[in-house]
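**Q** This is the content of data.txt (compact mmCIF, C-alpha atoms and all ligand atoms):
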```txt
# COMPACT_ATOMS: atom_id res chain seq x y z
CA MET J 941 96.31 66.87 84.69
CA ASP J 942 98.97 69.17 83.22
CA SER J 943 96.91 72.32 83.43
CA PHE J 944 96.74 72.12 87.22
CA LEU J 945 99.31 74.30 88.90
CA LYS J 946 101.34 74.25 92.08
CA ILE J 947 100.71 77.58 93.75
CA GLY J 948 102.35 79.04 96.84
CA ILE J 949 100.27 81.65 98.66
CA THR J 950 101.57 84.06 101.29
CA CYS J 951 99.27 86.39 103.19
CA TYR J 952 98.72 87.81 106.65
CA PRO J 953 97.16 84.70 108.18
CA SER J 954 95.53 86.25 111.21
CA LEU J 955 94.06 89.58 110.22
CA GLY J 956 92.26 91.66 107.69
CA GLY J 957 90.50 91.39 104.40
CA SER J 958 93.70 90.65 102.46
CA GLY J 959 94.23 87.44 104.46
CA VAL J 960 90.58 86.47 104.06
CA VAL J 961 90.63 86.95 100.28
CA ALA J 962 93.96 85.11 99.91
CA THR J 963 92.75 82.16 101.97
CA GLU J 964 89.38 81.90 100.24
CA LEU J 965 91.10 82.06 96.86
CA GLY J 966 93.50 79.29 97.89
CA LYS J 967 90.58 77.11 99.00
CA LEU J 968 88.75 77.59 95.72
CA LEU J 969 91.87 76.86 93.65
CA ALA J 970 92.44 73.68 95.65
CA GLU J 971 88.83 72.58 95.17
CA LYS J 972 89.28 73.07 91.45
CA GLY J 973 92.30 70.75 91.44
CA HIS J 974 95.34 73.01 91.84
CA GLU J 975 97.86 72.22 94.57
CA VAL J 976 98.00 75.10 97.04
CA HIS J 977 100.83 75.70 99.53
CA PHE J 978 100.24 78.38 102.16
CA ILE J 979 103.52 79.82 103.46
CA ALA J 980 102.98 81.96 106.56
CA HIS J 981 103.81 82.37 110.24
CA SER J 982 100.60 80.66 111.33
CA VAL J 983 97.68 78.76 109.85
CA PRO J 984 95.36 81.20 108.02
CA PHE J 985 92.36 81.67 110.28
CA ARG J 986 89.81 81.05 107.53
CA LEU J 987 91.49 77.86 106.27
CA GLY J 988 88.84 75.56 107.70
CA SER J 989 88.79 71.84 107.25
CA TYR J 990 91.26 69.42 105.64
CA HIS J 991 91.58 69.32 101.89
CA LYS J 992 93.91 66.99 100.02
CA ASN J 993 95.25 69.79 97.81
CA ILE J 994 96.03 72.25 100.60
CA PHE J 995 99.35 72.34 102.45
CA TYR J 996 100.65 74.68 105.10
CA HIS J 997 104.33 75.55 105.60
CA GLU J 998 105.18 77.42 108.77
CA VAL J 999 107.83 80.13 108.79
CA GLU J 1000 110.08 79.82 111.82
CA VAL J 1001 111.99 82.91 112.81
CA SER J 1002 115.50 82.77 114.23
CA ASP J 1003 115.75 84.28 117.71
CA TYR J 1004 119.53 84.25 117.79
CA TYR J 1005 120.71 86.55 120.58
CA VAL J 1006 122.41 89.14 118.34
CA PHE J 1007 119.09 90.07 116.77
CA ARG J 1008 117.36 93.02 118.37
CA TYR J 1009 114.48 92.40 115.92
CA PRO J 1010 114.00 88.77 114.79
CA PRO J 1011 114.27 88.81 110.96
CA TYR J 1012 110.87 87.41 109.94
CA ASP J 1013 111.17 88.77 106.41
CA LEU J 1014 114.40 86.90 105.72
CA SER J 1015 113.05 83.66 107.17
CA LEU J 1016 109.91 84.04 105.05
CA ALA J 1017 111.95 84.61 101.87
CA THR J 1018 114.07 81.55 102.59
CA LYS J 1019 111.00 79.43 103.35
CA MET J 1020 109.34 80.57 100.13
CA ALA J 1021 112.44 79.50 98.17
CA GLN J 1022 112.64 76.14 100.00
CA VAL J 1023 108.97 75.36 99.40
CA ALA J 1024 109.23 76.49 95.78
CA LYS J 1025 112.15 74.15 95.19
CA THR J 1026 110.95 71.11 97.09
CA GLN J 1027 107.34 71.32 95.90
CA GLU J 1028 108.27 72.55 92.42
CA LEU J 1029 105.94 75.53 92.64
CA ASP J 1030 104.91 77.22 89.41
CA ILE J 1031 103.57 80.36 91.03
CA LEU J 1032 104.14 82.30 94.21
CA HIS J 1033 101.10 84.51 94.79
CA VAL J 1034 101.71 87.06 97.52
CA HIS J 1035 99.01 89.21 99.05
CA TYR J 1036 100.05 92.63 100.40
CA ALA J 1037 103.28 94.18 99.18
CA VAL J 1038 105.04 94.58 102.52
CA PRO J 1039 106.98 92.46 103.19
CA HIS J 1040 105.50 89.67 101.09
CA ALA J 1041 106.30 90.98 97.61
CA VAL J 1042 109.81 91.88 98.73
CA CYS J 1043 110.32 88.38 100.17
CA ALA J 1044 109.02 86.85 96.94
CA PHE J 1045 111.54 88.94 95.00
CA LEU J 1046 114.34 87.46 97.13
CA ALA J 1047 112.90 83.95 96.84
CA LYS J 1048 112.80 84.22 93.06
CA HIS J 1049 116.49 85.13 93.08
CA MET J 1050 117.19 82.01 95.13
CA VAL J 1051 115.07 79.73 92.92
CA GLY J 1052 115.47 81.13 89.41
CA ASP J 1053 113.14 82.56 86.80
CA SER J 1054 111.07 79.37 86.55
CA LEU J 1055 109.24 80.61 89.67
CA LYS J 1056 106.73 83.28 88.69
CA VAL J 1057 105.66 85.88 91.25
CA VAL J 1058 102.17 87.38 91.29
CA THR J 1059 101.63 90.26 93.74
CA THR J 1060 98.17 91.41 94.79
CA LEU J 1061 97.95 94.92 96.22
CA HIS J 1062 95.22 95.27 98.81
CA GLY J 1063 95.22 98.90 99.89
CA THR J 1064 97.11 100.09 102.91
CA ASP J 1065 100.31 98.56 101.46
CA ILE J 1066 100.08 101.44 98.94
CA THR J 1067 97.82 104.07 100.49
CA VAL J 1068 99.70 104.09 103.81
CA LEU J 1069 103.03 102.21 103.59
CA ALA J 1070 104.16 103.30 100.13
CA GLN J 1071 103.84 106.92 101.30
CA ASP J 1072 106.58 106.19 103.82
CA GLU J 1073 109.95 107.21 102.39
CA SER J 1074 111.67 104.44 104.33
CA LEU J 1075 109.69 101.80 102.39
CA LYS J 1076 108.74 103.46 99.11
CA ASP J 1077 111.74 102.43 96.97
CA LEU J 1078 111.59 98.86 98.23
CA ILE J 1079 107.87 98.57 97.45
CA ARG J 1080 108.44 100.04 93.98
CA LEU J 1081 111.21 97.48 93.33
CA ALA J 1082 109.06 94.55 94.47
CA ILE J 1083 106.15 95.70 92.33
CA ASN J 1084 108.25 96.32 89.25
CA GLU J 1085 109.98 92.96 89.59
CA SER J 1086 106.81 90.87 90.05
CA ASP J 1087 105.81 88.88 86.97
CA ALA J 1088 102.25 90.16 87.40
CA VAL J 1089 100.67 92.65 89.73
CA THR J 1090 96.98 92.76 90.53
CA SER J 1091 94.94 95.31 92.42
CA VAL J 1092 91.55 95.02 94.10
CA SER J 1093 90.18 98.24 92.55
CA ARG J 1094 90.76 100.72 89.74
CA ASP J 1095 91.26 103.41 92.32
CA LEU J 1096 94.11 101.46 93.89
CA ILE J 1097 95.74 101.06 90.46
CA ARG J 1098 95.53 104.81 90.00
CA GLU J 1099 96.98 105.51 93.42
CA THR J 1100 99.77 102.94 92.97
CA ARG J 1101 100.86 104.61 89.73
CA GLU J 1102 100.66 108.03 91.30
CA VAL J 1103 102.40 107.31 94.60
CA LEU J 1104 105.15 105.08 93.19
CA ASP J 1105 105.46 106.72 89.80
CA ILE J 1106 105.34 103.40 87.95
CA SER J 1107 103.86 102.57 84.58
CA ARG J 1108 103.87 98.77 84.45
CA ASP J 1109 100.67 96.80 83.76
CA ILE J 1110 98.50 96.15 86.79
CA ASP J 1111 95.55 93.76 86.42
CA LEU J 1112 92.25 94.65 88.03
CA THR J 1113 90.90 91.71 90.04
CA TYR J 1114 88.03 92.61 92.32
CA ASN J 1115 87.55 90.77 95.58
CA PHE J 1116 84.86 88.12 95.99
CA VAL J 1117 83.05 86.17 98.68
CA ASP J 1118 82.17 82.49 98.76
CA GLU J 1119 78.49 82.39 97.79
CA ARG J 1120 78.05 79.14 99.74
CA VAL J 1121 78.81 81.07 102.92
CA TYR J 1122 77.60 84.61 102.18
CA TYR J 1123 73.85 84.61 101.56
CA PRO J 1124 70.97 86.05 103.62
CA ARG J 1125 70.72 84.02 106.83
CA ASP J 1126 67.71 83.76 109.06
CA ALA J 1127 69.06 85.90 111.91
CA ARG J 1128 65.70 86.81 113.50
CA ASN J 1129 66.50 85.05 116.77
CA CYS J 1130 69.87 86.77 117.22
CA ARG J 1131 68.40 90.12 116.22
CA GLN J 1132 65.78 89.79 118.97
CA ASP J 1133 68.64 89.75 121.51
CA PHE J 1134 69.29 93.39 120.66
CA ALA J 1135 66.32 94.99 118.97
CA GLY J 1136 62.55 94.95 119.32
CA ALA J 1137 60.27 94.14 116.39
CA ASP J 1138 59.81 97.80 115.43
CA GLU J 1139 63.42 98.85 115.95
CA LYS J 1140 66.16 99.05 113.28
CA VAL J 1141 69.66 97.62 113.36
CA LEU J 1142 72.70 99.51 112.04
CA MET J 1143 76.07 97.75 111.96
CA HIS J 1144 79.75 98.58 111.61
CA VAL J 1145 82.37 95.87 111.11
CA SER J 1146 86.04 96.82 111.07
CA ASN J 1147 89.47 96.73 112.66
CA PHE J 1148 88.76 100.06 114.41
CA ARG J 1149 91.75 101.81 112.84
CA PRO J 1150 91.71 105.61 112.33
CA VAL J 1151 91.08 105.23 108.54
CA LYS J 1152 87.68 103.68 109.36
CA ARG J 1153 86.46 106.91 111.06
CA VAL J 1154 84.51 104.92 113.62
CA SER J 1155 83.62 108.13 115.43
CA ASP J 1156 81.57 109.07 112.33
CA VAL J 1157 79.65 105.82 112.75
CA VAL J 1158 78.58 107.02 116.20
CA ASP J 1159 77.61 110.48 114.89
CA ILE J 1160 75.51 108.93 112.11
CA PHE J 1161 73.83 106.55 114.53
CA HIS J 1162 73.15 109.34 117.04
CA GLN J 1163 71.18 111.29 114.42
CA VAL J 1164 69.34 108.21 113.12
CA ASN J 1165 68.36 107.06 116.59
CA GLU J 1166 66.81 110.46 117.34
CA GLN J 1167 64.34 109.88 114.50
CA ILE J 1168 63.97 106.09 114.43
CA PRO J 1169 64.34 103.81 117.47
CA SER J 1170 67.37 101.72 116.57
CA HIS J 1171 70.41 99.83 117.76
CA LEU J 1172 74.02 99.97 116.62
CA LEU J 1173 76.06 96.77 116.59
CA PHE J 1174 79.86 97.07 116.48
CA VAL J 1175 81.76 94.02 115.27
CA GLY J 1176 85.56 93.77 115.53
CA GLU J 1177 88.27 95.26 117.67
CA GLY J 1178 91.10 97.73 117.30
CA PRO J 1179 92.94 100.79 118.55
CA GLU J 1180 90.04 103.28 118.36
CA LEU J 1181 87.69 101.10 120.39
CA PRO J 1182 88.32 102.64 123.87
CA LYS J 1183 87.73 106.16 122.48
CA ILE J 1184 84.49 105.02 120.92
CA GLN J 1185 83.31 103.40 124.14
CA CYS J 1186 83.88 106.74 125.97
CA LYS J 1187 81.98 108.62 123.27
CA ILE J 1188 79.01 106.24 123.56
CA LYS J 1189 78.92 106.83 127.32
CA GLU J 1190 79.14 110.62 126.94
CA LEU J 1191 76.24 110.57 124.48
CA GLY J 1192 74.17 108.37 126.81
CA LEU J 1193 73.81 105.68 124.15
CA CYS J 1194 75.03 102.69 126.16
CA ASP J 1195 71.70 100.85 126.01
CA ARG J 1196 71.51 101.38 122.23
CA VAL J 1197 75.04 100.39 121.22
CA HIS J 1198 76.37 96.85 121.49
CA PHE J 1199 79.95 95.64 121.11
CA LEU J 1200 80.12 92.11 119.75
CA GLY J 1201 83.95 91.93 119.44
CA LYS J 1202 85.53 89.71 116.82
CA GLN J 1203 83.12 87.28 115.19
CA ASP J 1204 83.77 84.29 112.94
CA ASP J 1205 80.37 83.80 111.40
CA ILE J 1206 80.18 87.20 109.72
CA ALA J 1207 77.46 86.14 107.27
CA HIS J 1208 75.12 85.32 110.14
CA VAL J 1209 76.01 88.45 112.10
CA ILE J 1210 75.63 90.79 109.11
CA SER J 1211 72.25 89.26 108.30
CA MET J 1212 70.93 90.87 111.50
CA ALA J 1213 71.48 94.35 110.05
CA ASP J 1214 69.22 96.68 108.10
CA VAL J 1215 72.19 98.76 107.00
CA LEU J 1216 75.98 98.57 107.14
CA LEU J 1217 77.91 101.78 107.90
CA LEU J 1218 81.29 102.28 106.20
CA PRO J 1219 82.35 105.94 106.56
CA SER J 1220 86.08 105.23 105.87
CA GLU J 1221 88.53 107.86 104.69
CA LYS J 1222 90.60 105.19 102.90
CA GLU J 1223 89.23 101.93 101.54
CA SER J 1224 90.74 100.30 98.49
CA PHE J 1225 87.76 97.97 98.13
CA GLY J 1226 85.75 97.48 101.32
CA LEU J 1227 85.36 93.71 101.55
CA VAL J 1228 82.84 94.02 104.38
CA ALA J 1229 80.48 95.95 102.07
CA LEU J 1230 80.60 93.01 99.65
CA GLU J 1231 79.99 90.56 102.50
CA ALA J 1232 76.96 92.66 103.48
CA MET J 1233 75.80 92.99 99.86
CA ALA J 1234 75.90 89.21 99.42
CA CYS J 1235 73.66 88.92 102.49
CA GLY J 1236 71.23 91.50 101.06
CA VAL J 1237 72.32 94.35 103.33
CA PRO J 1238 72.95 97.78 101.71
CA THR J 1239 75.85 100.01 102.72
CA VAL J 1240 75.77 103.68 103.64
CA GLY J 1241 79.30 105.03 103.42
CA THR J 1242 81.74 107.34 101.70
CA VAL J 1243 83.14 107.74 98.21
CA ALA J 1244 86.63 106.90 99.50
CA GLY J 1245 88.98 104.86 97.31
CA GLY J 1246 87.37 101.88 95.62
CA ILE J 1247 84.05 101.96 97.52
CA PRO J 1248 82.14 103.50 94.55
CA GLU J 1249 83.33 100.62 92.34
CA LEU J 1250 81.59 98.24 94.72
CA VAL J 1251 78.61 100.12 96.15
CA LYS J 1252 76.40 101.69 93.48
CA HIS J 1253 75.01 104.93 94.88
CA GLY J 1254 71.21 104.80 94.94
CA GLU J 1255 71.13 101.12 93.91
CA THR J 1256 72.96 99.04 96.51
CA GLY J 1257 73.49 101.77 99.08
CA PHE J 1258 74.28 105.46 99.43
CA LEU J 1259 77.64 107.22 99.31
CA ALA J 1260 78.57 110.66 100.62
CA SER J 1261 81.73 112.74 100.98
CA ILE J 1262 84.20 111.69 103.65
CA GLY J 1263 83.07 113.17 106.99
CA ASP J 1264 79.59 114.17 105.80
CA THR J 1265 77.83 112.42 108.66
CA ASP J 1266 74.66 114.55 108.22
CA GLN J 1267 74.20 113.24 104.69
CA MET J 1268 74.93 109.65 105.71
CA ALA J 1269 72.41 109.93 108.57
CA LYS J 1270 69.80 111.31 106.12
CA ASP J 1271 70.50 108.42 103.73
CA CYS J 1272 70.05 105.90 106.54
CA ILE J 1273 66.78 107.51 107.62
CA ASN J 1274 65.54 107.49 104.03
CA LEU J 1275 66.39 103.80 103.69
CA LEU J 1276 65.04 102.76 107.08
CA THR J 1277 61.71 104.58 106.71
CA ASN J 1278 61.02 103.48 103.16
CA PRO J 1279 60.23 99.73 102.97
CA ASP J 1280 59.92 99.75 99.16
CA LEU J 1281 63.35 101.31 98.77
CA ALA J 1282 64.82 98.87 101.32
CA GLU J 1283 63.36 95.90 99.45
CA ARG J 1284 64.59 97.21 96.08
CA MET J 1285 68.08 97.71 97.47
CA ARG J 1286 68.13 94.30 99.06
CA ALA J 1287 67.27 92.65 95.73
CA ALA J 1288 69.84 94.80 93.90
CA CYS J 1289 72.50 93.86 96.47
CA LEU J 1290 71.90 90.14 96.04
CA LYS J 1291 71.97 90.42 92.26
CA ARG J 1292 75.11 92.58 92.13
CA ALA J 1293 77.07 90.39 94.54
CA ARG J 1294 76.25 87.27 92.51
CA CYS J 1295 76.70 88.73 89.04
CA ASP J 1296 79.57 91.20 89.41
CA PHE J 1297 81.69 89.73 92.20
CA SER J 1298 81.31 86.00 91.74
CA SER J 1299 83.97 83.70 93.14
CA GLU J 1300 84.03 81.75 89.89
CA GLN J 1301 84.85 84.83 87.82
CA THR J 1302 87.52 86.04 90.24
CA MET J 1303 89.20 82.64 90.35
CA ALA J 1304 89.11 82.49 86.54
CA ASN J 1305 90.77 85.94 86.39
CA TYR J 1306 93.58 84.82 88.67
CA GLU J 1307 94.03 81.54 86.77
CA GLU J 1308 94.29 83.47 83.52
CA ILE J 1309 97.03 85.62 85.05
CA TYR J 1310 98.90 82.54 86.31
CA TYR J 1311 98.81 80.86 82.89
CA ARG J 1312 99.81 84.11 81.21
CA VAL J 1313 102.96 84.61 83.30
CA LEU J 1314 103.85 80.94 82.80
CA ASN J 1315 103.34 81.44 79.10
CA ARG J 1316 100.91 78.53 79.01
CA PRO J 1317 97.79 78.70 76.85
O1 LIG Q 1 90.53 97.06 106.12
C1 LIG Q 1 91.68 97.04 106.51
O2 LIG Q 1 92.22 98.03 106.96
C2 LIG Q 1 92.48 95.75 106.40
C3 LIG Q 1 93.13 95.69 105.07
C4 LIG Q 1 93.92 94.42 104.85
O3 LIG Q 1 95.06 94.55 104.45
O4 LIG Q 1 93.44 93.32 105.02
O5 LIG Q 1 92.12 95.78 104.09
C5 LIG Q 1 92.51 96.16 102.80
O6 LIG Q 1 92.34 95.03 101.96
C6 LIG Q 1 90.98 94.56 101.85
C7 LIG Q 1 90.97 93.31 100.98
O7 LIG Q 1 91.39 93.57 99.69
C8 LIG Q 1 90.11 95.68 101.28
O8 LIG Q 1 88.76 95.24 101.18
C9 LIG Q 1 90.17 96.91 102.19
O9 LIG Q 1 89.45 97.96 101.59
C10 LIG Q 1 91.62 97.34 102.37
N1 LIG Q 1 91.68 98.37 103.40
C11 LIG Q 1 91.98 99.64 103.13
O10 LIG Q 1 92.24 100.04 102.00
C12 LIG Q 1 91.96 100.58 104.29
```
Once you've parsed the file, please lay out its structure as structure tokens.
**A**
Amino acid sequence: MDSFLKIGITCYPSLGGSGVVATELGKLLAEKGHEVHFIAHSVPFRLGSYHKNIFYHEVEVSDYYVFRYPPYDLSLATKMAQVAKTQELDILHVHYAVPHAVCAFLAKHMVGDSLKVVTTLHGTDITVLAQDESLKDLIRLAINESDAVTSVSRDLIRETREVLDISRDIDLTYNFVDERVYYPRDARNCRQDFAGADEKVLMHVSNFRPVKRVSDVVDIFHQVNEQIPSHLLFVGEGPELPKIQCKIKELGLCDRVHFLGKQDDIAHVISMADVLLLPSEKESFGLVALEAMACGVPTVGTVAGGIPELVKHGETGFLASIGDTDQMAKDCINLLTNPDLAERMRAACLKRARCDFSSEQTMANYEEIYYRVLNRP
């Protein structure tokens, strides 16, 4: 059918929410009938099983001896152009500005204006990298030259305009989760491995980078555990992890805090929790809070970035100022000692995830953007 498109997608295949969202979007588009070509350095980790409309094109980087740093960006741009030409792509949808939007800009110059570039900004590409003078002008160029730019929150649109001093249109396209995967799972058996019947479970899932303020997670938990017997489950890995492990030891919380490392089946793992902690100082969206919400788990976190657009304070969780661990601990205690409130929030979470962040709506938004840049009704 004519209305089906050939779409190239580039993302970070092995880490982070941006890669997860890009891969899940590609899978949905393929299920709908579009032809989707992933162009990346490895197979996206959430790609899953074979689908006739999904193709993967690997970027191979030259290791010629004169290169001190192998030029991945140039190889990616060339691969994008090759795939666009041979597969007759309509759209190249790149997730994360650096280097993907820049590579797409180069690819478009190699292919011609028939190839339309859509760039999705995910957060740290603007809130961290665009603050760096060595990258700022390049990011601004790539954003201005994209045929459409989307952002995962209003707050990120605001910050992009402010940091890069640009005025072009940016479409708001919130993230989503696949409802067939993210729903409340029966995790009672797994929960029993950590917590007794009358104990509570708090959880933090992240890449343990400084912006996540994982130390605040420990401070919140410390206060909660003094009032309510509970356990803290950490999911993920990252640079702050060793520091956190030392802090847990110093506080004598080793038997209360459990490190699960990286986990694939996040829906199942999150379903063990009574509350998700997200005390970040930067968070353009906070995909993990949506994953939790879709499993009926409220979030206690901060008002950073786009979190308030996702978590409704008092309805699907509680939000406090960045660093206000006392308030976040109080909010957790309130939630964990008040079964009516917990049940109300759980129901509100399930409803909000389904109604306001549905995969169908998000895919429709992206399709509308694709057809718009192609000038097709
Ligand atoms: O959370 C991270 O630091 C990873 C990062 C990424 O690039 O994958 O996440 C960003 O994109 C996610 C998907 O859109 C958002 O949900 C995260 O909020 C955003 N992270 C930050 O803004 C710190």
**Q** Measuring atom to atom with all atoms listed in the file, identify which of J:Lys1252, J:Lys1025, J:Lys1048, J:Lys1140 is nearest to Leu1275 (chain J).
**A**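 Looking at the shortest contact to Leu1275 (chain J), the residue is J:Lys1140.
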**Q** Using all atoms listed in the file, can you tell me which of J:Leu1055, J:Met1285, J:Leu1230, J:Leu1259 comes closest to ligand LIG 1 (chain Q)?
**A**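 When distances to ligand LIG 1 (chain Q) are compared using all atoms listed in the file, the smallest one comes from J:Leu1230.
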**Q** For ligand LIG 1 (chain Q), return the neighbouring residues as a PyMOL selection string (distance at most 10 Å; all atoms listed in the file).
**A** chain J and resi 951-962+1035-1037+1060-1068+1091-1093+1096+1113-1116+1145-1152+1220-1230+1244-1247
**Q** Mind listing as number ranges by chain all residues within 8 Å of (72.2, 87.5, 112.0), counting all atoms listed in the file?
**A** J: 1125-1131, 1207-1213
**Q** One number please: CA of Arg1108 (chain J) to CA of Ser1086 (chain J), in Å, one decimal.
**A**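 Interatomic distance, CA of Arg1108 (chain J) to CA of Ser1086 (chain J): 10.1 Å.
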**Q** With distances taken over all atoms listed in the file, which of J:Leu1217, J:Val1243, J:Val1117, J:Val1058 is nearest to Ala1293 (chain J)?
**A**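 Comparing J:Leu1217, J:Val1243, J:Val1117, J:Val1058 against Ala1293 (chain J), the winner is J:Val1117.
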**Q** Place a sphere of radius 12 Å on (63.0, 97.5, 100.3) in the file coordinates and name every protein, DNA or RNA residue with an atom inside or on its surface, counting only C-alpha atoms; give the answer as a PyMOL selection string.
**A** chain J and resi 1214-1215+1236-1238+1255-1257+1274-1289
**Q** Tell me, in Å to one decimal, how far CA of Pro984 (chain J) is from CA of Ile947 (chain J).
**A** 15.7 Å
